[in-house]
file upload_22.pdb (PDB, C-alpha atoms)
ATOM      1  CA  MET A   1     101.613  74.590 -36.339
ATOM      2  CA  SER A   2     104.718  72.428 -35.845
ATOM      3  CA  ALA A   3     106.153  73.670 -39.171
ATOM      4  CA  GLU A   4     106.501  77.239 -37.896
ATOM      5  CA  PRO A   5     108.975  76.437 -35.091
ATOM      6  CA  GLU A   6     110.998  74.333 -37.548
ATOM      7  CA  THR A   7     111.144  77.260 -39.986
ATOM      8  CA  ILE A   8     112.250  79.567 -37.188
ATOM      9  CA  LYS A   9     114.918  77.062 -36.143
ATOM     10  CA  ARG A  10     116.176  76.807 -39.722
ATOM     11  CA  ARG A  11     116.346  80.597 -40.108
ATOM     12  CA  ARG A  12     118.187  80.960 -36.818
ATOM     13  CA  ALA A  13     120.704  78.296 -37.860
ATOM     14  CA  GLN A  14     121.192  80.000 -41.220
ATOM     15  CA  LYS A  15     121.823  83.387 -39.552
ATOM     16  CA  TRP A  16     124.300  81.789 -37.145
ATOM     17  CA  GLY A  17     126.037  80.124 -40.082
ATOM     18  CA  HIS A  18     126.412  83.416 -41.970
ATOM     19  CA  LEU A  19     127.613  85.211 -38.849
ATOM     20  CA  SER A  20     130.107  82.393 -38.269
ATOM     21  CA  GLU A  21     131.509  82.882 -41.767
ATOM     22  CA  TRP A  22     132.096  86.577 -41.024
ATOM     23  CA  ILE A  23     133.743  85.718 -37.699
ATOM     24  CA  ALA A  24     135.982  83.181 -39.462
ATOM     25  CA  ALA A  25     136.864  85.722 -42.170
ATOM     26  CA  ALA A  26     137.779  88.322 -39.531
ATOM     27  CA  SER A  27     140.035  85.803 -37.795
ATOM     28  CA  LEU A  28     141.797  85.126 -41.106
ATOM     29  CA  VAL A  29     142.303  88.842 -41.773
ATOM     30  CA  LEU A  30     143.881  89.183 -38.326
ATOM     31  CA  LYS A  31     146.303  86.409 -39.346
ATOM     32  CA  GLY A  32     147.350  88.321 -42.459
ATOM     33  CA  TYR A  33     145.097  86.721 -45.072
ATOM     34  CA  ARG A  34     143.195  88.725 -47.665
ATOM     35  CA  ILE A  35     139.631  87.583 -48.282
ATOM     36  CA  LEU A  36     139.052  87.074 -52.001
ATOM     37  CA  SER A  37     135.551  85.645 -51.899
ATOM     38  CA  MET A  38     132.852  84.520 -49.510
ATOM     39  CA  ARG A  39     130.193  81.935 -50.372
ATOM     40  CA  TYR A  40     131.719  81.236 -53.779
ATOM     41  CA  LYS A  41     129.162  79.118 -55.637
ATOM     42  CA  THR A  42     129.672  76.882 -58.635
ATOM     43  CA  LYS A  43     127.612  74.119 -60.214
ATOM     44  CA  LEU A  44     129.927  71.634 -58.464
ATOM     45  CA  GLY A  45     129.845  73.053 -54.956
ATOM     46  CA  GLU A  46     130.305  76.046 -52.683
ATOM     47  CA  ILE A  47     133.324  77.390 -50.828
ATOM     48  CA  ASP A  48     132.605  79.383 -47.694
ATOM     49  CA  ILE A  49     135.764  81.524 -47.847
ATOM     50  CA  ILE A  50     138.570  81.905 -50.359
ATOM     51  CA  ALA A  51     141.549  83.722 -48.865
ATOM     52  CA  ARG A  52     145.066  84.542 -49.969
ATOM     53  CA  LYS A  53     148.365  85.030 -48.204
ATOM     54  CA  GLY A  54     151.240  85.553 -50.613
ATOM     55  CA  HIS A  55     151.090  82.799 -53.238
ATOM     56  CA  LEU A  56     148.934  80.592 -51.018
ATOM     57  CA  ILE A  57     145.219  80.279 -51.722
ATOM     58  CA  VAL A  58     143.156  78.851 -48.887
ATOM     59  CA  MET A  59     139.746  77.317 -49.474
ATOM     60  CA  VAL A  60     137.999  77.371 -46.114
ATOM     61  CA  GLU A  61     134.985  75.412 -44.949
ATOM     62  CA  VAL A  62     133.396  77.074 -41.911
ATOM     63  CA  LYS A  63     131.389  74.978 -39.496
ATOM     64  CA  ALA A  64     129.474  76.453 -36.581
ATOM     65  CA  ARG A  65     129.006  73.695 -34.043
ATOM     66  CA  PRO A  66     129.086  73.345 -30.242
ATOM     67  CA  THR A  67     132.308  71.301 -30.325
ATOM     68  CA  ILE A  68     135.359  70.991 -32.560
ATOM     69  CA  GLU A  69     134.629  67.294 -33.080
ATOM     70  CA  GLU A  70     131.125  68.054 -34.338
ATOM     71  CA  ALA A  71     132.537  70.671 -36.707
ATOM     72  CA  PHE A  72     134.985  68.175 -38.202
ATOM     73  CA  ASP A  73     132.378  65.434 -38.435
ATOM     74  CA  ALA A  74     130.108  67.836 -40.345
ATOM     75  CA  VAL A  75     132.599  67.955 -43.252
ATOM     76  CA  SER A  76     131.967  64.636 -44.952
ATOM     77  CA  ILE A  77     134.147  63.076 -47.632
ATOM     78  CA  SER A  78     131.563  64.021 -50.264
ATOM     79  CA  SER A  79     131.576  67.631 -48.976
ATOM     80  CA  GLN A  80     135.348  67.673 -49.222
ATOM     81  CA  ARG A  81     135.196  66.468 -52.832
ATOM     82  CA  ARG A  82     132.632  69.144 -53.738
ATOM     83  CA  ILE A  83     134.782  71.863 -52.140
ATOM     84  CA  GLU A  84     137.866  70.595 -53.963
ATOM     85  CA  ALA A  85     135.969  70.550 -57.274
ATOM     86  CA  ALA A  86     134.740  74.104 -56.707
ATOM     87  CA  GLY A  87     138.304  75.106 -55.782
ATOM     88  CA  ASP A  88     139.609  73.628 -59.024
ATOM     89  CA  LEU A  89     137.025  75.639 -60.977
ATOM     90  CA  TRP A  90     137.994  78.839 -59.153
ATOM     91  CA  LEU A  91     141.693  78.195 -59.738
ATOM     92  CA  ALA A  92     141.078  77.599 -63.449
ATOM     93  CA  THR A  93     139.756  81.179 -63.743
ATOM     94  CA  GLN A  94     142.934  82.731 -62.342
ATOM     95  CA  LYS A  95     145.475  84.161 -64.790
ATOM     96  CA  ASN A  96     148.381  83.324 -62.502
ATOM     97  CA  ALA A  97     147.150  79.878 -61.419
ATOM     98  CA  HIS A  98     150.525  78.291 -62.164
ATOM     99  CA  LEU A  99     152.101  80.514 -59.451
ATOM    100  CA  LEU A 100     149.592  79.658 -56.738
ATOM    101  CA  SER A 101     149.506  76.915 -54.116
ATOM    102  CA  ILE A 102     146.144  75.736 -52.838
ATOM    103  CA  ARG A 103     145.197  74.457 -49.404
ATOM    104  CA  TYR A 104     141.926  73.279 -47.850
ATOM    105  CA  ASP A 105     141.194  74.324 -44.283
ATOM    106  CA  ILE A 106     138.368  74.073 -41.774
ATOM    107  CA  ILE A 107     137.491  76.775 -39.290
ATOM    108  CA  ALA A 108     135.356  75.622 -36.375
ATOM    109  CA  VAL A 109     133.251  78.369 -34.834
ATOM    110  CA  ARG A 110     131.887  77.565 -31.394
ATOM    111  CA  PRO A 111     129.669  79.755 -29.230
ATOM    112  CA  TRP A 112     131.635  82.286 -27.146
ATOM    113  CA  LYS A 113     135.026  80.913 -28.281
ATOM    114  CA  TRP A 114     137.637  82.204 -30.707
ATOM    115  CA  PRO A 115     137.451  80.310 -34.038
ATOM    116  CA  THR A 116     139.739  77.303 -34.316
ATOM    117  CA  HIS A 117     141.618  77.187 -37.630
ATOM    118  CA  TYR A 118     142.803  73.808 -38.932
ATOM    119  CA  GLU A 119     145.199  74.064 -41.842
ATOM    120  CA  ASN A 120     145.408  71.252 -44.414
ATOM    121  CA  ALA A 121     142.275  69.705 -42.951
ATOM    122  CA  PHE A 122     141.655  67.684 -46.114
TER     123      PHE A 122
END
call {"tool": "encode", "arguments": {"input": "upload_22.pdb", "output": "structure tokens"}}
result
Amino acid sequence: MSAEPETIKRRRAQKWGHLSEWIAAASLVLKGYRILSMRYKTKLGEIDIIARKGHLIVMVEVKARPTIEEAFDAVSISSQRRIEAAGDLWLATQKNAHLLSIRYDIIAVRPWKWPTHYENAF
């Protein structure tokens, strides 16, 4: 019986995470970015959002947490390395890769607050 509430908790957290990614993507669009991909998966890792503004490609990790500090703490060094590896794989598939700059950002999504975007987070 205790497994059911845990499953419900996990599903609720997953839904909030997906909604947070859409909120983060909308905030990027309002800043002039074009969303290229969401939940880009590779064998090396996953990138929540890949966005572009001019020649800049932004690989964004979205964290839905109650505080900004918790959001940052949730992106470990090993997570950063996996995101960077996935970003390298994505970049390798682009015909114009030599013209692009790449940046890694974090967007913290907190309940009832506008998303906080941290550029060059790692």
call {"tool": "resolve_selection", "arguments": {"input": "upload_22.pdb", "expression": "the PyMOL selection byres ((chain A and resi 111) around 8)", "output": "PyMOL selection string"}}
result
chain A and resi 65-66+109-110+112-113
call {"tool": "write_last_selection", "arguments": {"input": "upload_22.pdb", "atoms": "C-alpha atoms", "output": "short mmCIF file (atom, residue, chain, number, x, y, z; two decimals), in the frame of the given file"}}
result
data_model
loop_
_atom_site.label_atom_id
_atom_site.label_comp_id
_atom_site.auth_asym_id
_atom_site.auth_seq_id
_atom_site.Cartn_x
_atom_site.Cartn_y
_atom_site.Cartn_z
CA ARG A 65 129.01 73.69 -34.04
CA PRO A 66 129.09 73.34 -30.24
CA VAL A 109 133.25 78.37 -34.83
CA ARG A 110 131.89 77.56 -31.39
CA TRP A 112 131.64 82.29 -27.15
CA LYS A 113 135.03 80.91 -28.28
#
call {"tool": "closest_residue", "arguments": {"input": "upload_22.pdb", "among": "A:Lys95, A:Arg34, A:His117, A:His18", "to": "A:Ile57", "atoms": "all atoms listed in the file"}}
result
A:Arg34
call {"tool": "residues_around", "arguments": {"input": "upload_22.pdb", "residues": "A:Ala86", "least_positions_apart": "4", "cutoff": "12 Å", "atoms": "all atoms listed in the file", "output": "list in words"}}
result
Arg39, Tyr40, Lys41, Thr42, Lys43, Leu44, Gly45, Glu46, Ile47, Asp48, Ile49, Ile50, Met59, Val60, Glu61, Ser79, Gln80, Arg81, Arg82, Trp90, Leu91, Ala92, Thr93 and Tyr104 of chain A
call {"tool": "resolve_selection", "arguments": {"input": "upload_22.pdb", "expression": "the PyMOL selection byres ((chain A and resi 119) around 12)", "output": "list in words"}}
result
Leu28, Leu56, Ile57, Val58, Met59, Val60, Glu61, Ile102, Arg103, Tyr104, Asp105, Ile106, Ile107, Ala108, Thr116, His117, Tyr118, Asn120, Ala121 and Phe122 of chain A
call {"tool": "atom_distance", "arguments": {"input": "upload_22.pdb", "atom1": "atom CA of A:Lys53", "atom2": "atom CA of A:Ala85"}}
result
21.1 Å
call {"tool": "closest_residue", "arguments": {"input": "upload_22.pdb", "among": "A:Trp22, A:Trp114, A:Tyr33, A:Phe72", "to": "A:Gly54", "atoms": "only C-alpha atoms"}}
result
A:Tyr33
call {"tool": "axis_aligned_box", "arguments": {"input": "upload_22.pdb", "around": "stretch 68-86 of chain A", "padding_each_side": "8 Å", "output": "AutoDock Vina command-line options"}}
result
--center_x 134.0 --center_y 68.6 --center_z -44.9 --size_x 23.8 --size_y 27.0 --size_z 40.7
call {"tool": "atom_distance", "arguments": {"input": "upload_22.pdb", "atom1": "atom CA of A:Leu36", "atom2": "atom CA of A:Leu100"}}
result
13.7 Å
call {"tool": "closest_residue", "arguments": {"input": "upload_22.pdb", "among": "A:Glu69, A:Ala97, A:Lys63, A:Gly87", "to": "A:Gln14", "atoms": "only C-alpha atoms"}}
result
A:Lys63
call {"tool": "atom_distance", "arguments": {"input": "upload_22.pdb", "atom1": "atom CA of A:Asp88", "atom2": "atom CA of A:Ser101"}}
result
11.5 Å
call {"tool": "closest_residue", "arguments": {"input": "upload_22.pdb", "among": "A:Thr67, A:Ser78, A:Ile83, A:Val62", "to": "A:Ser27", "atoms": "only C-alpha atoms"}}
result
A:Val62
call {"tool": "closest_residue", "arguments": {"input": "upload_22.pdb", "among": "A:Ile8, A:Ser76, A:Pro115, A:Leu89", "to": "A:Ala26", "atoms": "only C-alpha atoms"}}
result
A:Pro115
call {"tool": "build_atoms", "arguments": {"input": "upload_22.pdb", "residues": "stretch 20-50 of chain A", "atoms": "N, CA and C atoms", "output": "compact mmCIF listing (two decimals), in the coordinates of the input"}}
result
# COMPACT_ATOMS: atom_id res chain seq x y z
N SER A 20 128.89 83.18 -38.50
CA SER A 20 130.11 82.39 -38.27
C SER A 20 131.10 82.56 -39.40
N GLU A 21 130.61 82.66 -40.63
CA GLU A 21 131.51 82.88 -41.77
C GLU A 21 132.21 84.23 -41.65
N TRP A 22 131.49 85.25 -41.21
CA TRP A 22 132.10 86.58 -41.02
C TRP A 22 133.11 86.56 -39.88
N ILE A 23 132.80 85.85 -38.82
CA ILE A 23 133.74 85.72 -37.70
C ILE A 23 135.01 85.01 -38.17
N ALA A 24 134.84 83.93 -38.93
CA ALA A 24 135.98 83.18 -39.46
C ALA A 24 136.81 84.06 -40.39
N ALA A 25 136.15 84.83 -41.24
CA ALA A 25 136.86 85.72 -42.17
C ALA A 25 137.66 86.77 -41.39
N ALA A 26 137.07 87.33 -40.35
CA ALA A 26 137.78 88.32 -39.53
C ALA A 26 139.01 87.70 -38.88
N SER A 27 138.88 86.46 -38.42
CA SER A 27 140.04 85.80 -37.80
C SER A 27 141.15 85.59 -38.82
N LEU A 28 140.79 85.28 -40.06
CA LEU A 28 141.80 85.13 -41.11
C LEU A 28 142.49 86.45 -41.42
N VAL A 29 141.73 87.52 -41.50
CA VAL A 29 142.30 88.84 -41.77
C VAL A 29 143.30 89.20 -40.68
N LEU A 30 142.96 88.90 -39.44
CA LEU A 30 143.88 89.18 -38.33
C LEU A 30 145.16 88.36 -38.42
N LYS A 31 145.11 87.24 -39.14
CA LYS A 31 146.30 86.41 -39.35
C LYS A 31 147.07 86.81 -40.60
N GLY A 32 146.63 87.85 -41.29
CA GLY A 32 147.35 88.32 -42.46
C GLY A 32 146.83 87.84 -43.80
N TYR A 33 145.70 87.17 -43.82
CA TYR A 33 145.10 86.72 -45.07
C TYR A 33 144.24 87.85 -45.67
N ARG A 34 144.10 87.81 -46.97
CA ARG A 34 143.20 88.72 -47.66
C ARG A 34 142.02 87.89 -48.17
N ILE A 35 140.82 88.32 -47.86
CA ILE A 35 139.63 87.58 -48.28
C ILE A 35 139.35 87.92 -49.74
N LEU A 36 139.32 86.89 -50.58
CA LEU A 36 139.05 87.07 -52.00
C LEU A 36 137.58 86.87 -52.32
N SER A 37 136.95 85.95 -51.62
CA SER A 37 135.55 85.64 -51.90
C SER A 37 134.91 84.97 -50.70
N MET A 38 133.63 85.22 -50.53
CA MET A 38 132.85 84.52 -49.51
C MET A 38 131.63 83.91 -50.20
N ARG A 39 131.30 82.70 -49.80
CA ARG A 39 130.19 81.94 -50.37
C ARG A 39 130.30 81.84 -51.89
N TYR A 40 131.47 81.41 -52.35
CA TYR A 40 131.72 81.24 -53.78
C TYR A 40 130.96 80.01 -54.25
N LYS A 41 130.02 80.21 -55.17
CA LYS A 41 129.16 79.12 -55.64
C LYS A 41 129.50 78.73 -57.06
N THR A 42 129.53 77.43 -57.29
CA THR A 42 129.67 76.88 -58.64
C THR A 42 128.64 75.77 -58.79
N LYS A 43 128.53 75.24 -60.00
CA LYS A 43 127.61 74.12 -60.21
C LYS A 43 128.08 72.86 -59.49
N LEU A 44 129.36 72.82 -59.12
CA LEU A 44 129.93 71.63 -58.46
C LEU A 44 129.93 71.71 -56.94
N GLY A 45 129.82 72.92 -56.40
CA GLY A 45 129.84 73.05 -54.96
C GLY A 45 130.06 74.50 -54.54
N GLU A 46 130.13 74.71 -53.24
CA GLU A 46 130.30 76.05 -52.68
C GLU A 46 131.50 76.06 -51.75
N ILE A 47 132.21 77.18 -51.75
CA ILE A 47 133.32 77.39 -50.83
C ILE A 47 132.93 78.55 -49.93
N ASP A 48 133.01 78.33 -48.63
CA ASP A 48 132.60 79.38 -47.69
C ASP A 48 133.50 80.61 -47.81
N ILE A 49 134.83 80.41 -47.78
CA ILE A 49 135.76 81.52 -47.85
C ILE A 49 136.94 81.13 -48.73
N ILE A 50 137.32 82.05 -49.61
CA ILE A 50 138.57 81.90 -50.36
C ILE A 50 139.46 83.06 -49.91
